[in-house]
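A.B. asks: This structure is in structure tokens; I'll ask about it shortly.
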Amino acid sequence: MGTRSVVPFGPQHPVLPEPIHLDLVLEDEKVVEAIPKIGFVHRGFEMLVEKMDFNELVYVADRICGICAFIHSMAYCQGVEAVMSVEVPPRAVYLRTIWSELARLSSHLLWLGLMADAFGFESLFMQSFRIREKIVDMLEEMTGGRIILGVCRVGGVRRDVTNETLAEIVRRVKDLGAEMHRLADIFMQDDSVRHRLVGIGVLSREQAADLGCVGPMMRASGISRDTRTLGYAAYGFVDFAPVVETDGDSYARCSVRIKELFQSVDIVAQAASKIPAGEVGVKVSGYPEGEYHSRCEQPRGEVIHYVKGDGTRYLQRYRVRTPTFANVPALVKMLQGCELADVPVLVLTIDPCISCTER
Amino acid sequence: MSDSAIPEGPIRNPLLNPREAQTVEEIPLSTLLERVQNMHSERWRLVHAACTRLVADQEVNYCFDRDGQSLDSPDAASLHGMHTLRVRLPMNDPELPSISRFYWSAFLYENEMHDLFGITVKGMAVDFKGHLYTTMVPTPYVTKGEDHGD
């Protein structure tokens with residue numbers, strides 16, 4: 001056994017946009033143990049249920065994260081709607097589906113850019129962000145918000161979108177598909193990219209299941225599980241299948257996210273073609289009484305919003321389990337045995353969203 | 001667990017915005033480990049674990065799913081489902097055995113319960129000893145209301 005040394009990684013690190021700390025125990029250049037620490041910016045907003053009523057809390061849910069904001073607010077609203085037996089109009093759930101997929105596109109493109117930055121491919125980073133900017137522009141045109149959309153509410157959505165606008169959005173998203181193909185070709189075929197990703201951080205199918213992985217982390221290890229197949233919102237009415245890879249390495253995780261880009265484009269087009277006319281919200285009266293675990297598939301995987309009401313305007317408990325929280329144990333296992341130089345890439349392959357996790 | 005034993009995911013739900021069947025089973029604390037061991041051997045997935053502060057006591061929920069099967073109908077391929085094991089703990093000196101011997105990834109949930117709710121969890125696979133979260137006051141989720149007088 002060589003001499004062991006401990007190298008602190010984070011919470012401030014060039015590849016980390018948000019703070020997470022790892023104590024890396026090394027033997028020479030090999031990581032033998034990784035001890036994570038989070039909680040540097042823990043906000044404790046779950047306790048805001050004591051001061052904000054269940055309708056106001058939608059604004060808080062929308063601000064849990066700057067990347068997957070919409071899906072957080074949707075998951076929260078679905079939880080309250082389930083407790084209160086609110087029937088959301090069909091047009092609203094289709095709009096939620098479309099915005100969710102645009103948010104997924106935005107998030108995956110952001111991740112691809114950050115990944116390219118992590119292995120030093122600056123022009124690829126810029127191309128990813130250039131395409132993402134167009135997605136964010138579309139969200140702004142439809143909702144008025146680029147990041148925090150603020151369009152979800154208990155009982156529906158706050159804004160409608162005309163069918164003409166939807167048709168135009170679909171046309172532009174499909175056009176972006178061609179640009180994303182060029183981006184995908186580089187990620188999937190460039191030797192320098194493959195050199196940094198293939199065979200790095202392998203997580204077997206069995207490990208992914210035992211460690212409770214979610215999202216692309218799990219699907220890259222061969223498990224075909226996607227919360228969208230539960231059929232929430234309008235996902236029961238669009239045709240798609242979970243994207244699965246079997247190698248379980250960093251390249252497979254990258255591949256899953258890239259294929260999900262095109263899947264999202266397809267889901268947006270399907271939903272826009274099937275969206276019915278009608279109202280986009282219903283009036284909600286009364287207070288929530290009961291409990292429900294609302295689950296949605298965020299870009300990083302399954303998110304849980306647990307709401308429990310006791311018949312008053314304030315919820316008794318609001319709890320969010322984010323996908324990054326579920327994927328941290330797998331990260332700890334993946335880091336064991338890797339080279340120190342691969343740590344930044346491996347941390348990024350779980351697509352960490354610490355602001356979500358520090359809810 | 002063999003590869004073939006890992007479930008392949010639920011059947012697509014054909015309803016618009018459906019709700020999952022979710023069951024809650026309150027169990028005595030003394031049976032928690034046995035029940036969790038059974039869930040693990042029956043290949044249930046630990047979805048999450050969380051604590052809720054009530055008026056006189058607190059409850060801890062361990063949520064499981066098995067992708068398309070509910071506990072009420074383990075052989076029927078229902079469309080969705082989640083089962084929660086719930087234990088109640090006193091507000092003063094609450095203590096739990098760790099389930100991380102069965103579900104290793106539970107150590108994060110358990111450290112969170114310790115740091116935010118002041119629950120002593122014995123036998124965690126990774127024990128941060130109160131340093132998972134950096135908080136201004138100890139166990140803020142149970143002491144906050146008292147500190148602020150609301």
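If you're wondering about the labels, chains in the structure tokens are A, B, ... by order shown, residues count from 1 in each chain, ligands from 1 in order shown.
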Report as a CSV table (one decimal) with N, CA and C atoms, in the first residue's frame all protein, DNA and RNA residues lying within 9 Å of B:Phe102, evaluated on only C-alpha atoms, omitting residues in the same chain fewer than 5 positions from it.

C.D. replies:
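See around_21.csv below for the written result:
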```csv
chain,number,residue,atom,x,y,z
B,33,LEU,N,-36.4,-2.8,11.2
B,33,LEU,CA,-35.3,-3.5,10.5
B,33,LEU,C,-35.8,-4.7,9.8
B,36,VAL,N,-37.8,-3.7,6.7
B,36,VAL,CA,-36.9,-3.1,5.6
B,36,VAL,C,-36.1,-4.3,5.0
B,37,GLN,N,-35.7,-5.2,5.8
B,37,GLN,CA,-34.9,-6.3,5.2
B,37,GLN,C,-35.8,-7.1,4.3
B,40,HIS,N,-36.1,-5.2,1.1
B,40,HIS,CA,-34.9,-5.3,0.3
B,40,HIS,C,-34.8,-6.7,-0.4
B,41,SER,N,-35.1,-7.7,0.3
B,41,SER,CA,-35.0,-9.0,-0.3
B,41,SER,C,-36.1,-9.2,-1.4
```

A.B. asks: If we count only C-alpha atoms and set the cut-off at 10 Å, which residues sit around A:Val265, ignoring sequence neighbours fewer than 5 positions away in its own chain? Please answer as JSON, numbers by chain.

C.D. replies: {"A": [98, 101, 102, 104, 105, 170, 172, 173, 174, 175, 176, 177, 260, 270]}

A.B. asks: Within 7 Å of stretch 109-115 of chain B, counting only C-alpha atoms, which residues qualify if same-chain residues fewer than 3 places away don't, as a PyMOL selection string?

C.D. replies: chain B and resi 49-51+106+118-121+127-128+130+132-133+139

A.B. asks: Residues as selected, C-alpha atoms, written as a PDB file, in the first residue's frame, can you do that?

C.D. replies:
```pdb
ATOM      1  CA  ALA B  49     -36.831   8.608   3.512  1.00  0.00           C
ATOM      2  CA  ALA B  50     -37.912  11.688   5.389  1.00  0.00           C
ATOM      3  CA  CYS B  51     -39.063  12.929   8.736  1.00  0.00           C
ATOM      4  CA  ALA B 106     -29.848   5.471   2.951  1.00  0.00           C
ATOM      5  CA  GLY B 118     -31.988  15.730  15.782  1.00  0.00           C
ATOM      6  CA  ILE B 119     -32.698  12.027  15.376  1.00  0.00           C
ATOM      7  CA  THR B 120     -29.925   9.731  16.543  1.00  0.00           C
ATOM      8  CA  VAL B 121     -29.498   7.055  13.888  1.00  0.00           C
ATOM      9  CA  ASP B 127     -21.737   8.886   9.683  1.00  0.00           C
ATOM     10  CA  PHE B 128     -21.016  12.578   9.166  1.00  0.00           C
ATOM     11  CA  GLY B 130     -23.584  16.211  12.403  1.00  0.00           C
ATOM     12  CA  LEU B 132     -23.499  16.855   6.521  1.00  0.00           C
ATOM     13  CA  TYR B 133     -25.256  20.214   6.600  1.00  0.00           C
ATOM     14  CA  THR B 139     -31.495  20.672  14.350  1.00  0.00           C
TER      15      THR B 139
END
```

A.B. asks: Considering only C-alpha atoms, state which residue in the set B:Lys129, B:Arg88, B:Glu34, B:Ile27 is at the smallest distance from B:Arg101.

C.D. replies: B:Glu34

A.B. asks: Between atom CA of A:Arg153 and atom CA of A:Met84, what is the spacing in Å?

C.D. replies: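 One can read the atom CA of A:Met84 to atom CA of A:Arg153 distance as 13.5 Å.
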
A.B. asks: Determine the nearest neighbour of B:Arg53 from the options B:Leu108, B:Leu89, B:Met82, B:Val24, counting only C-alpha atoms.

C.D. replies: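 The closest residue to B:Arg53 is B:Leu89.
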
A.B. asks: When you look at B:Val47 with a cut-off of 9 Å (counting only C-alpha atoms), what residues show up, excluding the ones that are within fewer than 6 positions of it in the same chain? I need them as a PyMOL selection string.

C.D. replies: (chain A and resi 212+304+321+326) or (chain B and resi 62-65+82)

A.B. asks: Would you pick out the contacts of stretch 113-126 of chain A at 12 Å or less, using only C-alpha atoms, so that residues sharing its chain but fewer than 6 positions from it are not included, and give the list as a PyMOL selection string?

C.D. replies: chain A and resi 13-17+106-107+132-133+180+182-188+190-197+250-251+253-254+257-258+341-352

A.B. asks: Please give the complete set of residues from stretch 20-169 of chain A that DSSP, run on the backbone, assigns to alpha helix (DSSP H), formatted as a PyMOL selection string.

C.D. replies: chain A and resi 57-62+69-84+90-118+122-143+163-169

A.B. asks: Keeping only C-alpha atoms, write those residues as a PDB file, in the first residue's frame.

C.D. replies:
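Contents of out03.pdb, freshly written:
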```
ATOM      1  CA  LEU A  57     -45.448  27.965  -2.088  1.00  0.00           C
ATOM      2  CA  VAL A  58     -45.601  27.429  -5.853  1.00  0.00           C
ATOM      3  CA  TYR A  59     -43.323  30.458  -6.224  1.00  0.00           C
ATOM      4  CA  VAL A  60     -40.866  28.894  -3.829  1.00  0.00           C
ATOM      5  CA  ALA A  61     -40.938  25.559  -5.669  1.00  0.00           C
ATOM      6  CA  ASP A  62     -40.255  27.448  -8.889  1.00  0.00           C
ATOM      7  CA  ALA A  69     -37.324  25.296 -12.125  1.00  0.00           C
ATOM      8  CA  PHE A  70     -40.468  24.480 -14.076  1.00  0.00           C
ATOM      9  CA  ILE A  71     -40.485  20.773 -13.271  1.00  0.00           C
ATOM     10  CA  HIS A  72     -40.124  21.551  -9.571  1.00  0.00           C
ATOM     11  CA  SER A  73     -43.179  23.780  -9.630  1.00  0.00           C
ATOM     12  CA  MET A  74     -45.093  21.234 -11.690  1.00  0.00           C
ATOM     13  CA  ALA A  75     -44.237  18.402  -9.298  1.00  0.00           C
ATOM     14  CA  TYR A  76     -45.343  20.503  -6.351  1.00  0.00           C
ATOM     15  CA  CYS A  77     -48.609  21.496  -8.029  1.00  0.00           C
ATOM     16  CA  GLN A  78     -49.309  17.885  -8.994  1.00  0.00           C
ATOM     17  CA  GLY A  79     -48.835  16.895  -5.364  1.00  0.00           C
ATOM     18  CA  VAL A  80     -51.297  19.469  -4.061  1.00  0.00           C
ATOM     19  CA  GLU A  81     -53.738  18.703  -6.878  1.00  0.00           C
ATOM     20  CA  ALA A  82     -53.638  15.005  -5.976  1.00  0.00           C
ATOM     21  CA  VAL A  83     -54.329  15.766  -2.317  1.00  0.00           C
ATOM     22  CA  MET A  84     -57.181  18.130  -3.187  1.00  0.00           C
ATOM     23  CA  PRO A  90     -56.223  18.748 -20.527  1.00  0.00           C
ATOM     24  CA  ARG A  91     -54.776  21.757 -22.330  1.00  0.00           C
ATOM     25  CA  ALA A  92     -52.879  22.722 -19.181  1.00  0.00           C
ATOM     26  CA  VAL A  93     -51.290  19.293 -18.741  1.00  0.00           C
ATOM     27  CA  TYR A  94     -50.202  19.313 -22.394  1.00  0.00           C
ATOM     28  CA  LEU A  95     -48.625  22.722 -21.909  1.00  0.00           C
ATOM     29  CA  ARG A  96     -46.882  21.418 -18.802  1.00  0.00           C
ATOM     30  CA  THR A  97     -45.523  18.548 -20.868  1.00  0.00           C
ATOM     31  CA  ILE A  98     -44.206  20.870 -23.576  1.00  0.00           C
ATOM     32  CA  TRP A  99     -42.519  23.194 -21.091  1.00  0.00           C
ATOM     33  CA  SER A 100     -41.042  20.241 -19.225  1.00  0.00           C
ATOM     34  CA  GLU A 101     -39.407  18.950 -22.375  1.00  0.00           C
ATOM     35  CA  LEU A 102     -38.080  22.367 -23.336  1.00  0.00           C
ATOM     36  CA  ALA A 103     -36.639  22.603 -19.822  1.00  0.00           C
ATOM     37  CA  ARG A 104     -35.015  19.193 -20.362  1.00  0.00           C
ATOM     38  CA  LEU A 105     -33.486  20.403 -23.622  1.00  0.00           C
ATOM     39  CA  SER A 106     -32.164  23.496 -21.894  1.00  0.00           C
ATOM     40  CA  SER A 107     -30.709  21.474 -19.028  1.00  0.00           C
ATOM     41  CA  HIS A 108     -29.079  18.772 -21.145  1.00  0.00           C
ATOM     42  CA  LEU A 109     -27.511  21.358 -23.442  1.00  0.00           C
ATOM     43  CA  LEU A 110     -26.195  23.206 -20.421  1.00  0.00           C
ATOM     44  CA  TRP A 111     -24.745  19.958 -19.096  1.00  0.00           C
ATOM     45  CA  LEU A 112     -23.108  19.148 -22.442  1.00  0.00           C
ATOM     46  CA  GLY A 113     -21.500  22.587 -22.421  1.00  0.00           C
ATOM     47  CA  LEU A 114     -20.224  22.218 -18.878  1.00  0.00           C
ATOM     48  CA  MET A 115     -18.942  18.738 -19.691  1.00  0.00           C
ATOM     49  CA  ALA A 116     -17.065  20.049 -22.721  1.00  0.00           C
ATOM     50  CA  ASP A 117     -15.613  22.781 -20.525  1.00  0.00           C
ATOM     51  CA  ALA A 118     -14.532  20.176 -17.951  1.00  0.00           C
ATOM     52  CA  GLU A 122     -13.973  25.300 -25.179  1.00  0.00           C
ATOM     53  CA  SER A 123     -15.493  25.636 -28.638  1.00  0.00           C
ATOM     54  CA  LEU A 124     -17.808  22.695 -27.938  1.00  0.00           C
ATOM     55  CA  PHE A 125     -18.869  24.401 -24.740  1.00  0.00           C
ATOM     56  CA  MET A 126     -19.727  27.544 -26.691  1.00  0.00           C
ATOM     57  CA  GLN A 127     -21.659  25.659 -29.367  1.00  0.00           C
ATOM     58  CA  SER A 128     -23.745  23.880 -26.706  1.00  0.00           C
ATOM     59  CA  PHE A 129     -24.598  27.155 -25.047  1.00  0.00           C
ATOM     60  CA  ARG A 130     -25.363  28.807 -28.377  1.00  0.00           C
ATOM     61  CA  ILE A 131     -28.015  26.202 -29.129  1.00  0.00           C
ATOM     62  CA  ARG A 132     -29.327  26.311 -25.567  1.00  0.00           C
ATOM     63  CA  GLU A 133     -29.837  30.046 -25.864  1.00  0.00           C
ATOM     64  CA  LYS A 134     -32.396  29.459 -28.605  1.00  0.00           C
ATOM     65  CA  ILE A 135     -34.345  27.105 -26.354  1.00  0.00           C
ATOM     66  CA  VAL A 136     -34.328  29.691 -23.601  1.00  0.00           C
ATOM     67  CA  ASP A 137     -35.582  32.275 -26.102  1.00  0.00           C
ATOM     68  CA  MET A 138     -38.529  30.008 -26.938  1.00  0.00           C
ATOM     69  CA  LEU A 139     -39.400  29.618 -23.277  1.00  0.00           C
ATOM     70  CA  GLU A 140     -39.320  33.374 -22.896  1.00  0.00           C
ATOM     71  CA  GLU A 141     -41.665  33.860 -25.844  1.00  0.00           C
ATOM     72  CA  MET A 142     -44.168  31.390 -24.438  1.00  0.00           C
ATOM     73  CA  THR A 143     -43.986  32.157 -20.735  1.00  0.00           C
ATOM     74  CA  ASN A 163     -51.720  27.085 -31.557  1.00  0.00           C
ATOM     75  CA  GLU A 164     -49.905  29.278 -34.100  1.00  0.00           C
ATOM     76  CA  THR A 165     -47.160  29.993 -31.583  1.00  0.00           C
ATOM     77  CA  LEU A 166     -46.912  26.301 -30.751  1.00  0.00           C
ATOM     78  CA  ALA A 167     -46.573  25.425 -34.431  1.00  0.00           C
ATOM     79  CA  GLU A 168     -43.808  27.975 -34.799  1.00  0.00           C
ATOM     80  CA  ILE A 169     -42.039  26.632 -31.690  1.00  0.00           C
TER      81      ILE A 169
END
```

A.B. asks: So what do you get for atom CA of A:Ala330 versus atom CA of A:Ala209, distance-wise?

C.D. replies: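 A separation of 9.8 Å between them.
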
A.B. asks: Compile the contact shell of B:Ala125 as a ChimeraX atom specification: residues with an atom at most 9 Å away, counting only C-alpha atoms, same-chain residues fewer than 3 positions apart removed.

C.D. replies: /B:98-101,104-107
